[in-house]
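Q: Dropping in input12.json, with JSON, C-alpha atoms.
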[["chain", "number", "residue", "atom", "x", "y", "z"],
["A", 1, "MET", "CA", 1.49, 8.87, -15.84],
["A", 2, "ARG", "CA", -0.96, 5.98, -15.84],
["A", 3, "LEU", "CA", 0.02, 2.35, -16.45],
["A", 4, "GLU", "CA", -1.81, -0.94, -16.50],
["A", 5, "CYS", "CA", 0.45, -3.15, -14.38],
["A", 6, "PRO", "CA", -1.00, -5.90, -12.17],
["A", 7, "ILE", "CA", 0.98, -6.41, -8.96],
["A", 8, "LEU", "CA", 0.22, -9.94, -7.75],
["A", 9, "THR", "CA", 0.30, -10.57, -4.00],
["A", 10, "TYR", "CA", 1.20, -13.94, -2.50],
["A", 11, "HIS", "CA", 1.55, -14.96, 1.12],
["A", 12, "GLU", "CA", 1.92, -18.71, 1.61],
["A", 13, "VAL", "CA", 2.74, -20.76, -1.49],
["A", 14, "TYR", "CA", 2.10, -24.37, -0.58],
["A", 15, "ASP", "CA", 1.28, -25.74, -4.03],
["A", 16, "ARG", "CA", 4.15, -25.39, -6.51],
["A", 17, "VAL", "CA", 2.08, -26.79, -9.37],
["A", 18, "ARG", "CA", -0.71, -24.28, -8.80],
["A", 19, "PHE", "CA", 1.74, -21.40, -8.57],
["A", 20, "THR", "CA", 3.48, -22.53, -11.75],
["A", 21, "GLY", "CA", 0.16, -22.63, -13.57],
["A", 22, "GLN", "CA", -0.78, -19.14, -12.43],
["A", 23, "LEU", "CA", 2.56, -17.73, -13.52],
["A", 24, "ALA", "CA", 2.42, -19.58, -16.83],
["A", 25, "ARG", "CA", -0.96, -18.06, -17.66],
["A", 26, "TYR", "CA", 0.38, -14.54, -17.27],
["A", 27, "LEU", "CA", 3.42, -15.26, -19.39],
["A", 28, "GLN", "CA", 1.36, -16.99, -22.06],
["A", 29, "ASP", "CA", -1.00, -14.01, -22.15],
["A", 30, "GLY", "CA", 1.88, -11.73, -23.08],
["A", 31, "TYR", "CA", 2.74, -10.28, -19.68],
["A", 32, "GLN", "CA", 6.35, -9.34, -18.90],
["A", 33, "PRO", "CA", 7.59, -9.59, -15.30],
["A", 34, "ILE", "CA", 9.32, -6.39, -14.23],
["A", 35, "SER", "CA", 10.96, -5.03, -11.09],
["A", 36, "LEU", "CA", 9.72, -2.32, -8.78],
["A", 37, "ASP", "CA", 12.54, -0.11, -10.04],
["A", 38, "GLN", "CA", 11.33, -0.57, -13.61],
["A", 39, "LEU", "CA", 7.80, 0.36, -12.53],
["A", 40, "TYR", "CA", 9.14, 3.43, -10.75],
["A", 41, "ARG", "CA", 11.04, 4.52, -13.85],
["A", 42, "LEU", "CA", 8.04, 3.90, -16.09],
["A", 43, "LEU", "CA", 5.80, 6.00, -13.85],
["A", 44, "SER", "CA", 8.49, 8.67, -13.74],
["A", 45, "GLY", "CA", 8.26, 9.01, -17.51],
["A", 46, "GLU", "CA", 11.41, 7.14, -18.48],
["A", 47, "ASP", "CA", 11.56, 5.12, -21.68],
["A", 48, "VAL", "CA", 11.90, 1.58, -20.33],
["A", 49, "PRO", "CA", 11.94, -1.04, -23.11],
["A", 50, "LEU", "CA", 9.19, -3.63, -22.73],
["A", 51, "TRP", "CA", 8.40, -6.64, -24.89],
["A", 52, "GLY", "CA", 5.06, -7.33, -23.19],
["A", 53, "ARG", "CA", 2.48, -5.97, -20.80],
["A", 54, "PRO", "CA", 4.13, -5.39, -17.41],
["A", 55, "PHE", "CA", 3.27, -7.17, -14.18],
["A", 56, "ILE", "CA", 5.01, -7.68, -10.84],
["A", 57, "LEU", "CA", 5.13, -10.61, -8.43],
["A", 58, "THR", "CA", 5.22, -9.83, -4.69],
["A", 59, "PHE", "CA", 5.49, -12.14, -1.68],
["A", 60, "ASP", "CA", 4.46, -10.71, 1.69],
["A", 61, "ASP", "CA", 5.62, -11.39, 5.24],
["A", 62, "GLY", "CA", 8.95, -13.16, 4.54],
["A", 63, "LEU", "CA", 7.30, -16.56, 4.79],
["A", 64, "ARG", "CA", 9.35, -19.68, 4.08],
["A", 65, "SER", "CA", 6.92, -21.43, 1.71],
["A", 66, "PRO", "CA", 7.56, -19.01, -1.20],
["A", 67, "ARG", "CA", 11.28, -19.70, -0.78],
["A", 68, "THR", "CA", 10.58, -23.44, -0.96],
["A", 69, "ASN", "CA", 7.89, -23.57, -3.63],
["A", 70, "ALA", "CA", 7.98, -20.35, -5.67],
["A", 71, "LEU", "CA", 11.67, -19.48, -5.79],
["A", 72, "PRO", "CA", 12.74, -22.60, -7.77],
["A", 73, "VAL", "CA", 10.15, -21.74, -10.43],
["A", 74, "LEU", "CA", 11.22, -18.11, -10.53],
["A", 75, "ARG", "CA", 14.85, -19.19, -10.87],
["A", 76, "ASP", "CA", 14.18, -21.69, -13.66],
["A", 77, "TRP", "CA", 12.04, -19.22, -15.62],
["A", 78, "GLN", "CA", 14.27, -16.23, -14.82],
["A", 79, "VAL", "CA", 11.34, -14.24, -13.44],
["A", 80, "PRO", "CA", 12.11, -11.38, -11.02],
["A", 81, "ALA", "CA", 10.04, -10.92, -7.88],
["A", 82, "VAL", "CA", 9.73, -8.73, -4.80],
["A", 83, "PHE", "CA", 9.88, -10.14, -1.26],
["A", 84, "CYS", "CA", 8.36, -7.95, 1.46],
["A", 85, "VAL", "CA", 10.21, -8.92, 4.64],
["A", 86, "MET", "CA", 10.70, -8.04, 8.30],
["A", 87, "PRO", "CA", 14.41, -7.86, 9.22],
["A", 88, "ASP", "CA", 15.39, -9.65, 12.44],
["A", 89, "TRP", "CA", 11.88, -11.11, 12.71],
["A", 90, "ARG", "CA", 11.76, -13.99, 15.19],
["A", 91, "GLY", "CA", 8.44, -15.40, 14.09],
["A", 92, "ASP", "CA", 4.99, -15.73, 15.57],
["A", 93, "ARG", "CA", 5.08, -19.42, 16.60],
["A", 94, "VAL", "CA", 2.45, -20.09, 13.96],
["A", 95, "HIS", "CA", 4.15, -19.79, 10.57],
["A", 96, "SER", "CA", 7.62, -20.57, 9.24],
["A", 97, "TYR", "CA", 9.69, -17.62, 8.09],
["A", 98, "MET", "CA", 12.85, -16.88, 6.16],
["A", 99, "THR", "CA", 15.94, -15.61, 7.95],
["A", 100, "ASN", "CA", 18.22, -12.62, 7.46],
["A", 101, "ASP", "CA", 20.59, -14.95, 5.59],
["A", 102, "ASP", "CA", 17.76, -15.80, 3.20],
["A", 103, "PHE", "CA", 17.29, -12.11, 2.40],
["A", 104, "ARG", "CA", 20.91, -11.82, 1.29],
["A", 105, "MET", "CA", 20.54, -15.01, -0.73],
["A", 106, "LEU", "CA", 17.44, -13.70, -2.50],
["A", 107, "VAL", "CA", 19.31, -10.61, -3.67],
["A", 108, "TYR", "CA", 22.76, -11.96, -4.50],
["A", 109, "ASP", "CA", 22.05, -15.54, -5.56],
["A", 110, "TYR", "CA", 18.71, -15.04, -7.29],
["A", 111, "GLY", "CA", 18.55, -11.39, -8.28],
["A", 112, "MET", "CA", 15.31, -10.74, -6.39],
["A", 113, "GLU", "CA", 14.25, -7.55, -4.61],
["A", 114, "VAL", "CA", 13.68, -7.37, -0.87],
["A", 115, "ILE", "CA", 11.74, -4.45, 0.57],
["A", 116, "SER", "CA", 10.70, -3.42, 4.06],
["A", 117, "HIS", "CA", 7.51, -4.72, 5.67],
["A", 118, "THR", "CA", 8.45, -3.06, 9.04],
["A", 119, "PHE", "CA", 10.11, -4.92, 11.92],
["A", 120, "ASN", "CA", 7.07, -6.34, 13.68],
["A", 121, "HIS", "CA", 4.22, -6.29, 11.16],
["A", 122, "VAL", "CA", 2.42, -3.63, 13.16],
["A", 123, "THR", "CA", -0.67, -1.73, 12.04],
["A", 124, "LEU", "CA", 1.02, 1.60, 11.41],
["A", 125, "PRO", "CA", -1.81, 4.12, 12.01],
["A", 126, "ARG", "CA", -2.48, 2.49, 15.37],
["A", 127, "GLU", "CA", 1.23, 2.43, 16.22],
["A", 128, "ARG", "CA", 1.58, 6.11, 15.35],
["A", 129, "VAL", "CA", -0.96, 7.03, 18.03],
["A", 130, "ARG", "CA", 0.24, 4.51, 20.59],
["A", 131, "ASN", "CA", 4.00, 4.88, 20.16],
["A", 132, "PRO", "CA", 5.23, 7.60, 17.77],
["A", 133, "GLY", "CA", 8.88, 6.66, 18.21],
["A", 134, "GLY", "CA", 8.17, 3.02, 17.48],
["A", 135, "TRP", "CA", 6.09, 4.03, 14.45],
["A", 136, "GLN", "CA", 9.04, 5.94, 13.02],
["A", 137, "ALA", "CA", 11.43, 3.07, 13.68],
["A", 138, "GLU", "CA", 9.13, 0.55, 11.99],
["A", 139, "ILE", "CA", 9.32, 2.64, 8.82],
["A", 140, "ILE", "CA", 12.77, 4.24, 8.87],
["A", 141, "ARG", "CA", 14.99, 1.92, 10.87],
["A", 142, "SER", "CA", 13.62, -1.22, 9.18],
["A", 143, "LYS", "CA", 14.92, 0.11, 5.85],
["A", 144, "GLU", "CA", 18.33, 0.87, 7.31],
["A", 145, "ARG", "CA", 18.52, -2.53, 9.02],
["A", 146, "LEU", "CA", 17.52, -4.42, 5.88],
["A", 147, "GLU", "CA", 20.20, -2.60, 3.91],
["A", 148, "GLU", "CA", 22.73, -3.57, 6.60],
["A", 149, "ILE", "CA", 21.65, -7.21, 6.35],
["A", 150, "VAL", "CA", 21.85, -7.40, 2.57],
["A", 151, "GLY", "CA", 25.07, -5.42, 2.51],
["A", 152, "GLY", "CA", 27.03, -4.04, -0.40],
["A", 153, "ASP", "CA", 25.45, -1.05, -2.06],
["A", 154, "TYR", "CA", 21.93, -2.49, -1.97],
["A", 155, "THR", "CA", 19.22, 0.14, -1.53],
["A", 156, "VAL", "CA", 15.75, -0.74, -0.25],
["A", 157, "GLN", "CA", 13.56, 1.17, -2.67],
["A", 158, "GLY", "CA", 10.10, 0.01, -1.64],
["A", 159, "PHE", "CA", 7.87, -0.39, 1.40],
["A", 160, "CYS", "CA", 4.86, -2.61, 2.05],
["A", 161, "TYR", "CA", 2.18, -1.53, 4.56],
["A", 162, "PRO", "CA", 1.41, -4.35, 7.05],
["A", 163, "ASN", "CA", -2.24, -5.36, 6.90],
["A", 164, "GLY", "CA", -2.62, -2.80, 4.10],
["A", 165, "ALA", "CA", -3.13, -0.11, 6.75],
["A", 166, "TYR", "CA", -1.93, 3.47, 6.33],
["A", 167, "ASP", "CA", -2.99, 7.06, 6.95],
["A", 168, "ALA", "CA", -1.79, 10.42, 5.66],
["A", 169, "PRO", "CA", 1.09, 10.87, 8.19],
["A", 170, "THR", "CA", 2.27, 7.32, 7.51],
["A", 171, "VAL", "CA", 2.28, 7.85, 3.74],
["A", 172, "ASP", "CA", 4.13, 11.12, 4.23],
["A", 173, "LEU", "CA", 6.86, 9.52, 6.35],
["A", 174, "VAL", "CA", 7.18, 6.57, 3.95],
["A", 175, "GLY", "CA", 7.56, 9.02, 1.07],
["A", 176, "GLN", "CA", 10.52, 10.66, 2.80],
["A", 177, "HIS", "CA", 12.48, 7.39, 2.76],
["A", 178, "TYR", "CA", 11.13, 5.22, -0.06],
["A", 179, "ASP", "CA", 10.33, 5.68, -3.74],
["A", 180, "LEU", "CA", 7.14, 3.61, -3.74],
["A", 181, "ALA", "CA", 4.93, 1.56, -1.46],
["A", 182, "LEU", "CA", 2.49, -1.34, -1.76],
["A", 183, "THR", "CA", -1.03, -1.50, -0.36],
["A", 184, "THR", "CA", -3.68, -4.20, -0.40],
["A", 185, "ARG", "CA", -6.10, -2.00, -2.35],
["A", 186, "PRO", "CA", -7.39, -3.99, -5.34],
["A", 187, "GLY", "CA", -6.75, -2.78, -8.85],
["A", 188, "THR", "CA", -4.32, -3.13, -11.73],
["A", 189, "VAL", "CA", -3.82, 0.49, -12.81],
["A", 190, "GLN", "CA", -0.83, 2.28, -11.27],
["A", 191, "THR", "CA", -0.32, 6.04, -11.47],
["A", 192, "THR", "CA", 2.40, 8.55, -10.66],
["A", 193, "ALA", "CA", 0.09, 10.18, -8.11],
["A", 194, "GLU", "CA", -0.18, 6.87, -6.24],
["A", 195, "LEU", "CA", 3.45, 5.75, -6.15],
["A", 196, "LEU", "CA", 3.14, 5.44, -2.36],
["A", 197, "THR", "CA", -0.22, 3.62, -2.49],
["A", 198, "LEU", "CA", 0.16, 1.13, -5.33],
["A", 199, "HIS", "CA", -2.70, -1.27, -6.01],
["A", 200, "ARG", "CA", -2.34, -5.05, -5.88],
["A", 201, "THR", "CA", -4.18, -8.26, -6.79],
["A", 202, "SER", "CA", -4.46, -10.92, -4.09],
["A", 203, "MET", "CA", -3.42, -14.42, -5.20],
["A", 204, "SER", "CA", -2.99, -16.25, -1.87]]
I need this file expressed as structure tokens, please.

A:
Amino acid sequence: MRLECPILTYHEVYDRVRFTGQLARYLQDGYQPISLDQLYRLLSGEDVPLWGRPFILTFDDGLRSPRTNALPVLRDWQVPAVFCVMPDWRGDRVHSYMTNDDFRMLVYDYGMEVISHTFNHVTLPRERVRNPGGWQAEIIRSKERLEEIVGGDYTVQGFCYPNGAYDAPTVDLVGQHYDLALTTRPGTVQTTAELLTLHRTSMS
């Protein structure tokens, strides 16, 4: 399967007006915001009803500014989005981050998706060589921990490679625990063969 579906990538969102304008342009151009699960089902050959051309919004690193400036817009316009987060992350003393409580809030109060971005935002191919046990935990245990945090029957379906870095063993391990994964590779066409290396479009 092959599908034209831009996946927009945001990090910090400081300007709510600018973000609103960017989102409005996609909606006015006939794009329909969808979830990662809908993309997965589309690329698996399921008949998923669409009224427009699909696209996905993603926010990397669990930063606080998207919660402050993007989430109110998403809520008001009823637009789903994906937040790529690090469970139990204590911060880097440079940026402001969301908390574990925020991750639950995103899911249950706003209907958003949260997916794993590892525990420590490590470069996975390097970590695999340096610390194989840590490499496995960053991929596997981060999913389990995020599901514990969100609670209920929530399943973390997706993974996001920190710094866009991956290699064949990393993709293989991710594929054993997740349905799909996000890279930083540019492009708007998604395919079944690349469910674990989906393309994205950088916005901030």

Q: Compare A:Gln176, A:Asn120, A:Thr183, A:Ser202 by their minimum atom-to-atom distance to A:Asp92, counting only C-alpha atoms, and give me the closest one.

A: A:Asn120

Q: Which is closest to A:Val150 among A:Met105, A:Tyr178, A:Pro125, A:Gln136, if we use all atoms listed in the file?

A: A:Met105

Q: Between A:Glu147, A:Asp179, A:Glu127, A:Asp76, single out the one closest to A:Leu39, counting all atoms listed in the file.

A: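 The closest residue to A:Leu39 is A:Asp179.
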
Q: One decimal, in Å: what's the spacing between atom CA of A:Thr188 and atom CA of A:Ile7?

A: 6.8 Å

Q: Taking only residues of stretch 78-174 of chain A that have an atom at most 12 Å from an atom of stretch 11-21 of chain A, what is each one's shortest atom pair and its distance in Å to one decimal, using all atoms listed in the file, in chain and number order, as a tab-separated table?

A:
residue	atom	partner	partner_atom	distance
A:Val79	CA	A:Thr20	CA	11.5
A:Val82	CA	A:His11	CA	11.9
A:Phe83	CA	A:His11	CA	9.9
A:Cys84	CA	A:His11	CA	9.8
A:Val85	CA	A:His11	CA	11.1
A:His95	CA	A:Glu12	CA	9.3
A:Ser96	CA	A:Glu12	CA	9.7
A:Tyr97	CA	A:Glu12	CA	10.2
A:Met98	CA	A:Glu12	CA	12.0
A:Asn163	CA	A:His11	CA	11.8

Q: Between A:Asn69, A:Ser142, A:Gln157, A:Asn131, single out the one closest to A:Gly175, counting only C-alpha atoms.

A: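 Comparing A:Asn69, A:Ser142, A:Gln157, A:Asn131 against A:Gly175, the winner is A:Gln157.
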
Q: Could you please determine the separation between atom CA of A:Ser116 and atom CA of A:Arg53 in Å, to one decimal place?

A: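 Rounded to one decimal, the two atoms are 26.3 Å apart.
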
Q: Pull the neighbourhood of (14.9, -6.5, 7.8) for me: all residues within 12 Å in file coordinates, counting only C-alpha atoms, as a short mmCIF file (atom, residue, chain, number, x, y, z; two decimals) with C-alpha atoms, keeping the file's coordinate frame.

A:
data_model
loop_
_atom_site.label_atom_id
_atom_site.label_comp_id
_atom_site.auth_asym_id
_atom_site.auth_seq_id
_atom_site.Cartn_x
_atom_site.Cartn_y
_atom_site.Cartn_z
CA ASP A 61 5.62 -11.39 5.24
CA GLY A 62 8.95 -13.16 4.54
CA PHE A 83 9.88 -10.14 -1.26
CA CYS A 84 8.36 -7.95 1.46
CA VAL A 85 10.21 -8.92 4.64
CA MET A 86 10.70 -8.04 8.30
CA PRO A 87 14.41 -7.86 9.22
CA ASP A 88 15.39 -9.65 12.44
CA TRP A 89 11.88 -11.11 12.71
CA ARG A 90 11.76 -13.99 15.19
CA MET A 98 12.85 -16.88 6.16
CA THR A 99 15.94 -15.61 7.95
CA ASN A 100 18.22 -12.62 7.46
CA ASP A 101 20.59 -14.95 5.59
CA ASP A 102 17.76 -15.80 3.20
CA PHE A 103 17.29 -12.11 2.40
CA ARG A 104 20.91 -11.82 1.29
CA VAL A 114 13.68 -7.37 -0.87
CA ILE A 115 11.74 -4.45 0.57
CA SER A 116 10.70 -3.42 4.06
CA HIS A 117 7.51 -4.72 5.67
CA THR A 118 8.45 -3.06 9.04
CA PHE A 119 10.11 -4.92 11.92
CA ASN A 120 7.07 -6.34 13.68
CA HIS A 121 4.22 -6.29 11.16
CA ALA A 137 11.43 3.07 13.68
CA GLU A 138 9.13 0.55 11.99
CA ILE A 139 9.32 2.64 8.82
CA ILE A 140 12.77 4.24 8.87
CA ARG A 141 14.99 1.92 10.87
CA SER A 142 13.62 -1.22 9.18
CA LYS A 143 14.92 0.11 5.85
CA GLU A 144 18.33 0.87 7.31
CA ARG A 145 18.52 -2.53 9.02
CA LEU A 146 17.52 -4.42 5.88
CA GLU A 147 20.20 -2.60 3.91
CA GLU A 148 22.73 -3.57 6.60
CA ILE A 149 21.65 -7.21 6.35
CA VAL A 150 21.85 -7.40 2.57
CA GLY A 151 25.07 -5.42 2.51
CA VAL A 156 15.75 -0.74 -0.25
CA PHE A 159 7.87 -0.39 1.40
#

Q: To one decimal place, how far is atom CA of A:Gly187 from atom CA of A:Gly158 in Å?

A: 18.5 Å

Q: May I ask which of the residues A:Leu57, A:Leu173, A:Leu43, A:Pro33 is the closest one to A:Leu195, counting only C-alpha atoms?

A: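 Closest residue, counting only C-alpha atoms: A:Leu43.
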
Q: Residues at most 10 Å from A:Met1, counting all atoms listed in the file, excluding those fewer than 2 positions away in the same chain, as a ChimeraX atom specification?

A: /A:3,42-45,190-194

Q: Can you tell me, as a PyMOL selection string, what residues are no more than 10 Å from A:Val189 when counting only C-alpha atoms, ignoring any on the same chain fewer than 6 positions away?

A: chain A and resi 2-7+198-200

Q: Axis-aligned box over every listed atom of stretch 121-133 of chain A, padded by 8 Å per side: centre and edges in Å to one decimal, as JSON?

A:
{"center_x": 3.2, "center_y": 0.7, "center_z": 15.9, "size_x": 27.4, "size_y": 29.9, "size_z": 25.4}

Q: Would you mind telling me which residue in A:Thr197, A:Asp37, A:Val73, A:Pro162 lies nearest to A:Gln22 when using only C-alpha atoms?

A: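 Closest to A:Gln22, using only C-alpha atoms: A:Val73.
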
Q: Return stretch 163-189 of chain A, completed with N, CA and C atoms, as an mmCIF file, in the coordinates of the input.

A:
data_model
loop_
_atom_site.group_PDB
_atom_site.id
_atom_site.type_symbol
_atom_site.label_atom_id
_atom_site.label_comp_id
_atom_site.auth_asym_id
_atom_site.auth_seq_id
_atom_site.Cartn_x
_atom_site.Cartn_y
_atom_site.Cartn_z
ATOM 1 N N ASN A 163 -0.780 -5.304 6.858
ATOM 2 C CA ASN A 163 -2.240 -5.360 6.900
ATOM 3 C C ASN A 163 -2.884 -4.346 5.951
ATOM 4 N N GLY A 164 -2.102 -3.788 5.055
ATOM 5 C CA GLY A 164 -2.620 -2.800 4.100
ATOM 6 C C GLY A 164 -3.054 -1.504 4.743
ATOM 7 N N ALA A 165 -2.625 -1.257 5.988
ATOM 8 C CA ALA A 165 -3.130 -0.110 6.750
ATOM 9 C C ALA A 165 -2.169 1.076 6.661
ATOM 10 N N TYR A 166 -2.726 2.240 6.368
ATOM 11 C CA TYR A 166 -1.930 3.470 6.330
ATOM 12 C C TYR A 166 -2.856 4.653 6.523
ATOM 13 N N ASP A 167 -2.267 5.795 6.886
ATOM 14 C CA ASP A 167 -2.990 7.060 6.950
ATOM 15 C C ASP A 167 -2.077 8.137 6.373
ATOM 16 N N ALA A 168 -2.545 9.361 6.330
ATOM 17 C CA ALA A 168 -1.790 10.420 5.660
ATOM 18 C C ALA A 168 -0.405 10.636 6.286
ATOM 19 N N PRO A 169 -0.260 10.703 7.629
ATOM 20 C CA PRO A 169 1.090 10.870 8.190
ATOM 21 C C PRO A 169 2.017 9.696 7.870
ATOM 22 N N THR A 170 1.456 8.489 7.826
ATOM 23 C CA THR A 170 2.270 7.320 7.510
ATOM 24 C C THR A 170 2.763 7.383 6.067
ATOM 25 N N VAL A 171 1.883 7.728 5.147
ATOM 26 C CA VAL A 171 2.280 7.850 3.740
ATOM 27 C C VAL A 171 3.336 8.938 3.585
ATOM 28 N N ASP A 172 3.167 10.032 4.319
ATOM 29 C CA ASP A 172 4.130 11.120 4.230
ATOM 30 C C ASP A 172 5.513 10.680 4.711
ATOM 31 N N LEU A 173 5.573 9.972 5.833
ATOM 32 C CA LEU A 173 6.860 9.520 6.350
ATOM 33 C C LEU A 173 7.477 8.473 5.403
ATOM 34 N N VAL A 174 6.678 7.568 4.915
ATOM 35 C CA VAL A 174 7.180 6.570 3.950
ATOM 36 C C VAL A 174 7.764 7.277 2.732
ATOM 37 N N GLY A 175 7.094 8.302 2.244
ATOM 38 C CA GLY A 175 7.560 9.020 1.070
ATOM 39 C C GLY A 175 8.869 9.744 1.266
ATOM 40 N N GLN A 176 9.232 10.013 2.515
ATOM 41 C CA GLN A 176 10.520 10.660 2.800
ATOM 42 C C GLN A 176 11.689 9.692 2.710
ATOM 43 N N HIS A 177 11.404 8.384 2.702
ATOM 44 C CA HIS A 177 12.480 7.390 2.760
ATOM 45 C C HIS A 177 12.412 6.324 1.673
ATOM 46 N N TYR A 178 11.289 6.234 0.972
ATOM 47 C CA TYR A 178 11.130 5.220 -0.060
ATOM 48 C C TYR A 178 10.591 5.860 -1.341
ATOM 49 N N ASP A 179 10.830 5.187 -2.460
ATOM 50 C CA ASP A 179 10.330 5.680 -3.740
ATOM 51 C C ASP A 179 8.888 5.265 -4.006
ATOM 52 N N LEU A 180 8.511 4.108 -3.502
ATOM 53 C CA LEU A 180 7.140 3.610 -3.740
ATOM 54 C C LEU A 180 6.743 2.673 -2.622
ATOM 55 N N ALA A 181 5.434 2.410 -2.536
ATOM 56 C CA ALA A 181 4.930 1.560 -1.460
ATOM 57 C C ALA A 181 3.707 0.789 -1.937
ATOM 58 N N LEU A 182 3.542 -0.403 -1.367
ATOM 59 C CA LEU A 182 2.490 -1.340 -1.760
ATOM 60 C C LEU A 182 1.374 -1.370 -0.728
ATOM 61 N N THR A 183 0.137 -1.344 -1.211
ATOM 62 C CA THR A 183 -1.030 -1.500 -0.360
ATOM 63 C C THR A 183 -1.689 -2.836 -0.643
ATOM 64 N N THR A 184 -2.854 -3.046 -0.049
ATOM 65 C CA THR A 184 -3.680 -4.200 -0.400
ATOM 66 C C THR A 184 -4.919 -3.759 -1.182
ATOM 67 N N ARG A 185 -4.956 -2.494 -1.588
ATOM 68 C CA ARG A 185 -6.100 -2.000 -2.350
ATOM 69 C C ARG A 185 -6.152 -2.711 -3.696
ATOM 70 N N PRO A 186 -7.301 -3.275 -4.063
ATOM 71 C CA PRO A 186 -7.390 -3.990 -5.340
ATOM 72 C C PRO A 186 -7.322 -3.036 -6.520
ATOM 73 N N GLY A 187 -6.835 -3.561 -7.625
ATOM 74 C CA GLY A 187 -6.750 -2.780 -8.850
ATOM 75 C C GLY A 187 -5.492 -3.125 -9.607
ATOM 76 N N THR A 188 -5.472 -2.813 -10.886
ATOM 77 C CA THR A 188 -4.320 -3.130 -11.730
ATOM 78 C C THR A 188 -3.720 -1.908 -12.399
ATOM 79 N N VAL A 189 -4.333 -0.744 -12.208
ATOM 80 C CA VAL A 189 -3.820 0.490 -12.810
ATOM 81 C C VAL A 189 -2.983 1.234 -11.777
#
